[in-house]
Every structure is written in C-alpha cells, then in structure tokens.
$ cat structure.cif   # mmCIF, C-alpha atoms
data_run
loop_
_atom_site.group_PDB
_atom_site.id
_atom_site.type_symbol
_atom_site.label_atom_id
_atom_site.label_comp_id
_atom_site.auth_asym_id
_atom_site.auth_seq_id
_atom_site.Cartn_x
_atom_site.Cartn_y
_atom_site.Cartn_z
ATOM 1 C CA MET A 1 -28.593 32.915 -7.561
ATOM 2 C CA GLN A 2 -29.241 29.459 -9.049
ATOM 3 C CA ASP A 3 -28.278 30.656 -12.552
ATOM 4 C CA THR A 4 -25.022 32.092 -11.165
ATOM 5 C CA LEU A 5 -24.168 28.815 -9.426
ATOM 6 C CA TYR A 6 -25.003 26.815 -12.553
ATOM 7 C CA ALA A 7 -22.849 29.097 -14.711
ATOM 8 C CA PHE A 8 -19.963 28.790 -12.243
ATOM 9 C CA VAL A 9 -20.115 24.979 -12.215
ATOM 10 C CA MET A 10 -20.404 24.782 -16.001
ATOM 11 C CA ARG A 11 -17.406 27.099 -16.489
ATOM 12 C CA GLY A 12 -15.406 24.802 -14.204
ATOM 13 C CA GLU A 13 -16.416 21.709 -16.171
ATOM 14 C CA LEU A 14 -15.646 23.365 -19.498
ATOM 15 C CA THR A 15 -12.256 24.467 -18.178
ATOM 16 C CA LYS A 16 -11.497 20.910 -17.040
ATOM 17 C CA ILE A 17 -12.414 19.532 -20.491
ATOM 18 C CA ALA A 18 -10.276 22.159 -22.217
ATOM 19 C CA LEU A 19 -7.303 21.337 -19.982
ATOM 20 C CA LEU A 20 -7.740 17.609 -20.649
ATOM 21 C CA ASN A 21 -7.909 18.185 -24.405
ATOM 22 C CA ALA A 22 -4.843 20.391 -24.308
ATOM 23 C CA GLY A 23 -2.919 17.721 -22.413
ATOM 24 C CA VAL A 24 -2.283 20.054 -19.480
ATOM 25 C CA VAL A 25 -3.928 17.678 -17.004
ATOM 26 C CA SER A 26 -4.641 13.969 -17.138
ATOM 27 C CA LYS A 27 -7.972 12.275 -16.615
ATOM 28 C CA HIS A 28 -6.133 9.859 -14.322
ATOM 29 C CA SER A 29 -6.121 10.554 -10.604
ATOM 30 C CA SER A 30 -2.889 11.542 -8.916
ATOM 31 C CA SER A 31 -2.701 8.103 -7.266
ATOM 32 C CA GLU A 32 -2.961 6.415 -10.688
ATOM 33 C CA LEU A 33 -0.185 8.650 -12.021
ATOM 34 C CA LEU A 34 1.935 7.858 -8.977
ATOM 35 C CA ALA A 35 1.331 4.125 -9.501
ATOM 36 C CA GLN A 36 2.444 4.462 -13.130
ATOM 37 C CA GLU A 37 5.566 6.308 -11.986
ATOM 38 C CA TYR A 38 6.338 3.526 -9.479
ATOM 39 C CA ILE A 39 5.891 0.876 -12.181
ATOM 40 C CA LYS A 40 8.501 2.630 -14.312
ATOM 41 C CA SER A 41 10.873 3.238 -11.384
ATOM 42 C CA LEU A 42 10.697 -0.375 -10.205
ATOM 43 C CA SER A 43 11.277 -1.963 -13.640
ATOM 44 C CA LEU A 44 8.205 -4.191 -13.313
ATOM 45 C CA ASP A 45 8.192 -4.627 -17.070
ATOM 46 C CA LEU A 46 11.411 -6.654 -16.747
ATOM 47 C CA LEU A 47 9.924 -9.188 -14.329
ATOM 48 C CA ASP A 48 7.849 -12.294 -14.982
ATOM 49 C CA ASP A 49 4.218 -11.290 -15.626
ATOM 50 C CA GLU A 50 2.797 -14.145 -13.538
ATOM 51 C CA HIS A 51 4.886 -13.160 -10.515
ATOM 52 C CA VAL A 52 3.945 -9.510 -10.947
ATOM 53 C CA ASN A 53 0.221 -10.320 -11.202
ATOM 54 C CA THR A 54 0.309 -12.552 -8.124
ATOM 55 C CA ALA A 55 2.184 -9.873 -6.198
ATOM 56 C CA LYS A 56 -0.358 -7.243 -7.286
ATOM 57 C CA GLN A 57 -3.191 -9.425 -6.011
ATOM 58 C CA MET A 58 -1.426 -9.913 -2.685
ATOM 59 C CA SER A 59 -0.685 -6.178 -2.515
ATOM 60 C CA THR A 60 -4.429 -5.574 -2.256
ATOM 61 C CA VAL A 61 -4.591 -7.949 0.712
ATOM 62 C CA TYR A 62 -1.519 -6.304 2.238
ATOM 63 C CA THR A 63 -3.168 -2.894 1.803
ATOM 64 C CA ALA A 64 -6.135 -4.047 3.885
ATOM 65 C CA ILE A 65 -3.910 -5.486 6.607
ATOM 66 C CA ALA A 66 -1.613 -2.439 6.741
ATOM 67 C CA ALA A 67 -4.560 -0.030 6.858
ATOM 68 C CA PHE A 68 -6.150 -2.114 9.607
ATOM 69 C CA GLU A 69 -2.935 -2.244 11.630
ATOM 70 C CA ASN A 70 -2.522 1.531 11.392
ATOM 71 C CA THR A 71 -6.181 1.984 12.353
ATOM 72 C CA VAL A 72 -5.582 -0.098 15.487
ATOM 73 C CA ARG A 73 -2.416 1.853 16.290
ATOM 74 C CA GLU A 74 -4.352 5.134 16.048
ATOM 75 C CA PHE A 75 -7.153 3.694 18.198
ATOM 76 C CA VAL A 76 -4.724 2.609 20.933
ATOM 77 C CA VAL A 77 -2.918 5.972 20.917
ATOM 78 C CA LYS A 78 -6.217 7.890 20.960
ATOM 79 C CA ILE A 79 -7.520 5.987 23.998
ATOM 80 C CA LEU A 80 -4.214 6.343 25.830
ATOM 81 C CA ILE A 81 -3.835 10.058 25.116
ATOM 82 C CA GLU A 82 -7.426 10.722 26.204
ATOM 83 C CA ASN A 83 -6.891 8.881 29.485
ATOM 84 C CA ARG A 84 -3.182 9.215 30.274
ATOM 85 C CA GLY A 85 -2.246 12.435 28.520
ATOM 86 C CA GLU A 86 0.672 13.298 26.281
ATOM 87 C CA ASN A 87 3.061 11.124 28.336
ATOM 88 C CA TRP A 88 1.016 7.992 27.571
ATOM 89 C CA TRP A 89 4.089 6.166 26.209
ATOM 90 C CA GLU A 90 5.940 6.352 29.528
ATOM 91 C CA LYS A 91 2.820 5.896 31.692
ATOM 92 C CA SER A 92 1.059 3.110 29.807
ATOM 93 C CA VAL A 93 3.601 0.946 27.991
ATOM 94 C CA SER A 94 5.742 -1.666 29.733
ATOM 95 C CA ASP A 95 9.507 -1.220 29.969
ATOM 96 C CA LYS A 96 10.025 -4.316 27.797
ATOM 97 C CA ILE A 97 7.952 -2.981 24.882
ATOM 98 C CA ARG A 98 9.385 0.535 25.227
ATOM 99 C CA GLN A 99 12.958 -0.754 25.244
ATOM 100 C CA LYS A 100 12.360 -2.947 22.189
ATOM 101 C CA ALA A 101 10.788 -0.019 20.293
ATOM 102 C CA GLU A 102 13.518 2.402 21.331
ATOM 103 C CA SER A 103 16.180 -0.105 20.250
ATOM 104 C CA ARG A 104 14.534 -0.440 16.835
ATOM 105 C CA LYS A 105 14.341 3.316 16.481
ATOM 106 C CA ARG A 106 18.042 3.700 17.343
ATOM 107 C CA GLU A 107 18.971 1.011 14.798
ATOM 108 C CA GLU A 108 16.937 2.720 12.097
ATOM 109 C CA GLU A 109 18.495 6.103 12.906
ATOM 110 C CA LYS A 110 21.888 4.627 12.002
ATOM 111 C CA VAL A 111 20.679 4.161 8.428
ATOM 112 C CA ARG A 112 20.084 7.827 7.657
ATOM 113 C CA TRP A 113 19.596 7.274 3.925
ATOM 114 C CA HIS A 114 16.394 5.258 4.485
ATOM 115 C CA THR A 115 12.966 6.609 5.393
ATOM 116 C CA PRO A 116 12.106 5.864 9.053
ATOM 117 C CA ARG A 117 8.895 4.125 10.159
ATOM 118 C CA GLY A 118 7.446 7.310 11.580
ATOM 119 C CA ASP A 119 7.604 9.908 14.310
ATOM 120 C CA SER A 120 5.621 8.120 17.008
ATOM 121 C CA MET A 121 7.084 5.306 19.088
ATOM 122 C CA ILE A 122 3.926 3.287 18.408
ATOM 123 C CA ASN A 123 5.284 2.781 14.869
ATOM 124 C CA TYR A 124 8.268 0.857 16.228
ATOM 125 C CA ILE A 125 6.328 -1.878 17.995
ATOM 126 C CA GLU A 126 5.097 -5.155 16.564
ATOM 127 C CA PHE A 127 1.449 -5.735 15.720
ATOM 128 C CA GLY A 128 1.104 -8.199 18.613
ATOM 129 C CA ASP A 129 2.483 -5.633 21.049
ATOM 130 C CA LEU A 130 -0.698 -3.618 20.548
ATOM 131 C CA ALA A 131 -2.655 -6.351 22.335
ATOM 132 C CA SER A 132 -0.082 -6.336 25.144
ATOM 133 C CA ILE A 133 -0.424 -2.567 25.550
ATOM 134 C CA MET A 134 -4.200 -2.948 25.607
ATOM 135 C CA ALA A 135 -3.888 -5.708 28.224
ATOM 136 C CA GLN A 136 -1.610 -3.506 30.343
ATOM 137 C CA ASN A 137 -4.365 -0.863 30.281
ATOM 138 C CA ILE A 138 -7.390 -3.145 30.116
ATOM 139 C CA GLU A 139 -9.577 -0.810 32.172
ATOM 140 C CA LEU A 140 -9.365 1.714 29.315
ATOM 141 C CA PHE A 141 -10.132 -0.782 26.557
ATOM 142 C CA GLU A 142 -12.630 -3.213 28.110
ATOM 143 C CA ASP A 143 -15.624 -1.122 27.005
ATOM 144 C CA HIS A 144 -14.421 -1.278 23.400
ATOM 145 C CA ILE A 145 -13.333 -4.883 22.861
ATOM 146 C CA VAL A 146 -14.951 -8.251 23.577
ATOM 147 C CA SER A 147 -11.852 -9.418 25.455
ATOM 148 C CA ILE A 148 -8.112 -9.073 25.198
ATOM 149 C CA GLU A 149 -7.939 -12.667 23.933
ATOM 150 C CA TRP A 150 -10.361 -11.733 21.121
ATOM 151 C CA ALA A 151 -8.176 -8.779 20.088
ATOM 152 C CA ARG A 152 -4.996 -10.834 20.375
ATOM 153 C CA GLN A 153 -6.455 -13.588 18.158
ATOM 154 C CA ILE A 154 -7.387 -11.061 15.460
ATOM 155 C CA PHE A 155 -3.947 -9.462 15.555
ATOM 156 C CA ASN A 156 -2.153 -12.844 15.503
ATOM 157 C CA THR A 157 -4.183 -14.084 12.538
ATOM 158 C CA LEU A 158 -3.663 -10.905 10.525
ATOM 159 C CA GLU A 159 0.023 -10.796 11.400
ATOM 160 C CA ARG A 160 0.419 -14.402 10.221
ATOM 161 C CA SER A 161 -1.219 -13.509 6.901
ATOM 162 C CA ARG A 162 0.857 -10.347 6.564
ATOM 163 C CA ASN A 163 4.046 -12.336 7.125
ATOM 164 C CA VAL A 164 3.139 -14.786 4.349
ATOM 165 C CA ILE A 165 2.632 -11.900 1.930
ATOM 166 C CA MET A 166 5.735 -10.023 3.057
ATOM 167 C CA HIS A 167 7.851 -13.125 2.416
ATOM 168 C CA SER A 168 6.584 -13.396 -1.160
ATOM 169 C CA GLY A 169 3.917 -15.989 -0.410
ATOM 170 C CA GLU A 170 0.389 -16.182 -1.733
ATOM 171 C CA LEU A 171 -2.654 -16.512 0.506
ATOM 172 C CA GLY A 172 -5.561 -18.748 -0.354
ATOM 173 C CA LYS A 173 -9.116 -17.502 -0.733
ATOM 174 C CA ARG A 174 -10.151 -18.743 2.735
ATOM 175 C CA ASP A 175 -7.278 -16.828 4.347
ATOM 176 C CA ILE A 176 -8.256 -13.676 2.461
ATOM 177 C CA GLU A 177 -11.893 -14.082 3.488
ATOM 178 C CA ARG A 178 -10.807 -14.615 7.107
ATOM 179 C CA ILE A 179 -8.902 -11.317 6.989
ATOM 180 C CA GLY A 180 -12.021 -9.534 5.773
ATOM 181 C CA ILE A 181 -14.150 -11.144 8.497
ATOM 182 C CA HIS A 182 -11.690 -10.112 11.213
ATOM 183 C CA ILE A 183 -11.521 -6.543 9.942
ATOM 184 C CA ARG A 184 -15.329 -6.301 9.766
ATOM 185 C CA ASP A 185 -15.707 -7.825 13.238
ATOM 186 C CA TRP A 186 -13.224 -5.313 14.679
ATOM 187 C CA ILE A 187 -14.879 -2.342 12.990
ATOM 188 C CA ASN A 188 -18.353 -3.467 14.081
ATOM 189 C CA GLN A 189 -17.174 -3.964 17.664
ATOM 190 C CA VAL A 190 -14.767 -1.068 18.158
ATOM 191 C CA GLY A 191 -16.157 1.370 15.627
ATOM 192 C CA VAL A 192 -12.832 2.492 14.177
#

$ encode --input "structure.cif" --output "structure tokens"
Amino acid sequence: MQDTLYAFVMRGELTKIALLNAGVVSKHSSSELLAQEYIKSLSLDLLDDEHVNTAKQMSTVYTAIAAFENTVREFVVKILIENRGENWWEKSVSDKIRQKAESRKREEEKVRWHTPRGDSMINYIEFGDLASIMAQNIELFEDHIVSIEWARQIFNTLERSRNVIMHSGELGKRDIERIGIHIRDWINQVGV
C-alpha cells in the first residue's frame, strides 16, 4: 500500500515537472498570473515608479482593512441570521440604514455596465453602520464584544485609515501598526 501511494505521488510530481518544462503550466500561482495580467491591463509601466511603489505598499494595508471589514460584515450577518432568521435585514436593521443601503443599491443598478458591490444588502452599508446595527441588536452581540463603543472605535479608526488610502494618501508606520493592533484585538476578542 505504501509503495503504491509513493509511486502515485512521484508520478504526479514528475508530471508537474514535465508540464513546467514543456511550458504547459507556469510555476507561478494563479493569483500571481492574475496580478501580472492586471499590471498589463492597467498600464502600470507607464506611470511613475515611485507612485506605483507607494500605491503597492498601501494596497497591502488596504487588503488588510478590506478583509477585516468583510470579516466583520460576515460576523454580523451570521449572528443576525442565527438569531433573527432569513428576514434579519427587515427585523434587525433600522429604517434609516435600510433606506440608505437600498438607495445606494438603486443608484448602482442604474449603471449596468459596472460590477455591483454584491448580492447582500449588508454590502451597501458603510463600515460605521455595522456598529449601529450591532448597537440596535446589542443583546445578540454583547457576549462577543467588549462594548459597542469599543467596536465603534475600531471601525472608525480603520475607516479613517482606509479613506486616506482610497484618496491616494500614504499612511505612516504608526497608523499601519495601529491597524494591525485593532485587527488582532478584534480577532482575539470575537474569534472571527
């Protein structure tokens, strides 16, 4: 049995090497190939190298913030679905937030040529609205967070940093470290 497994694995490795040598597949991951395709499509080679390098550095910070924000969105939806059911949006979100999100969605639907934010209404709210939704349903979230003020402070700080990056600014090292601290604190407290 062990010889059969070994032979199977070795045949797979030899096949991979043969495909690489023949140029059929690349040793780069699909995400690296996609990044190279984006670089070509976006004409980055025509732009100032210093600006491109700064933007690439900030894109790493943005990646952390965007992933965190989407993690929080999923956390909020998960808690609300578990406790309020599939109609959580109508049952658990204030009219003001729902109306703002629905208005955004309608505006985006007018521009059919552009990719929408997503399928769920949670994608059409602002980062800070997540804290408001949590506050509106505090009994469901109080076992997970230190306080609503704690969550709101994290969201406000990360949103401020995201806005600097999204408007072509560059964050300092202390701001970047603060982002990492907030993300770690959230993960250690909430677990997601």

$ atom_distance --input "structure.cif" --atom1 "atom CA of Glu102 of chain A" --atom2 "atom CA of Ile79 of chain A"
21.5 Å

$ closest_atom_pairs --input "structure.cif" --of "segment 71-139 of chain A" --to "segment 60-65 of chain A" --cutoff "12 Å" --atoms "only C-alpha atoms" --output "JSON lines"
{"residue": "A:Thr71", "atom": "CA", "partner": "A:Ile65", "partner_atom": "CA", "distance": 9.7}
{"residue": "A:Val72", "atom": "CA", "partner": "A:Ile65", "partner_atom": "CA", "distance": 10.5}
{"residue": "A:Phe127", "atom": "CA", "partner": "A:Ile65", "partner_atom": "CA", "distance": 10.6}

$ resolve_selection --input "structure.cif" --expression "the PyMOL selection byres ((chain A and resi 157-174) around 10)" --output "count of residues only"
30

$ closest_residue --input "structure.cif" --among "A:Ser120, A:Asn83, A:Ser94, A:Ser41" --to "Glu139 of chain A" --atoms "all atoms listed in the file"
A:Asn83

$ residues_around --input "structure.cif" --residues "Arg104 of chain A" --least-positions-apart "5" --cutoff "12 Å" --atoms "all atoms listed in the file" --output "ChimeraX atom specification"
/A:97-99,109-111,116-118,121-126

$ resolve_selection --input "structure.cif" --expression "the PyMOL selection byres ((chain A and resi 131) around 9)" --output "list in words"
Phe127, Gly128, Asp129, Leu130, Ser132, Ile133, Met134, Ala135, Gln136, Ile148, Glu149, Ala151, Arg152 and Phe155 of chain A

$ atom_distance --input "structure.cif" --atom1 "atom CA of Asp49 of chain A" --atom2 "atom CA of Gln36 of chain A"
16.0 Å

$ closest_residue --input "structure.cif" --among "A:Glu142, A:Asp48, A:Trp150, A:Glu86" --to "Trp186 of chain A" --atoms "all atoms listed in the file"
A:Trp150

$ atom_distance --input "structure.cif" --atom1 "atom CA of Ile181 of chain A" --atom2 "atom CA of Glu82 of chain A"
28.9 Å

$ resolve_selection --input "structure.cif" --expression "the PyMOL selection byres ((chain A and resi 189) around 8)" --output "list in words"
His144, Ile145, Val146, Asp185, Trp186, Ile187, Asn188, Val190 and Gly191 of chain A

$ closest_residue --input "structure.cif" --among "A:Arg112, A:Ser43, A:Phe141, A:Glu90" --to "Phe75 of chain A" --atoms "only C-alpha atoms"
A:Phe141
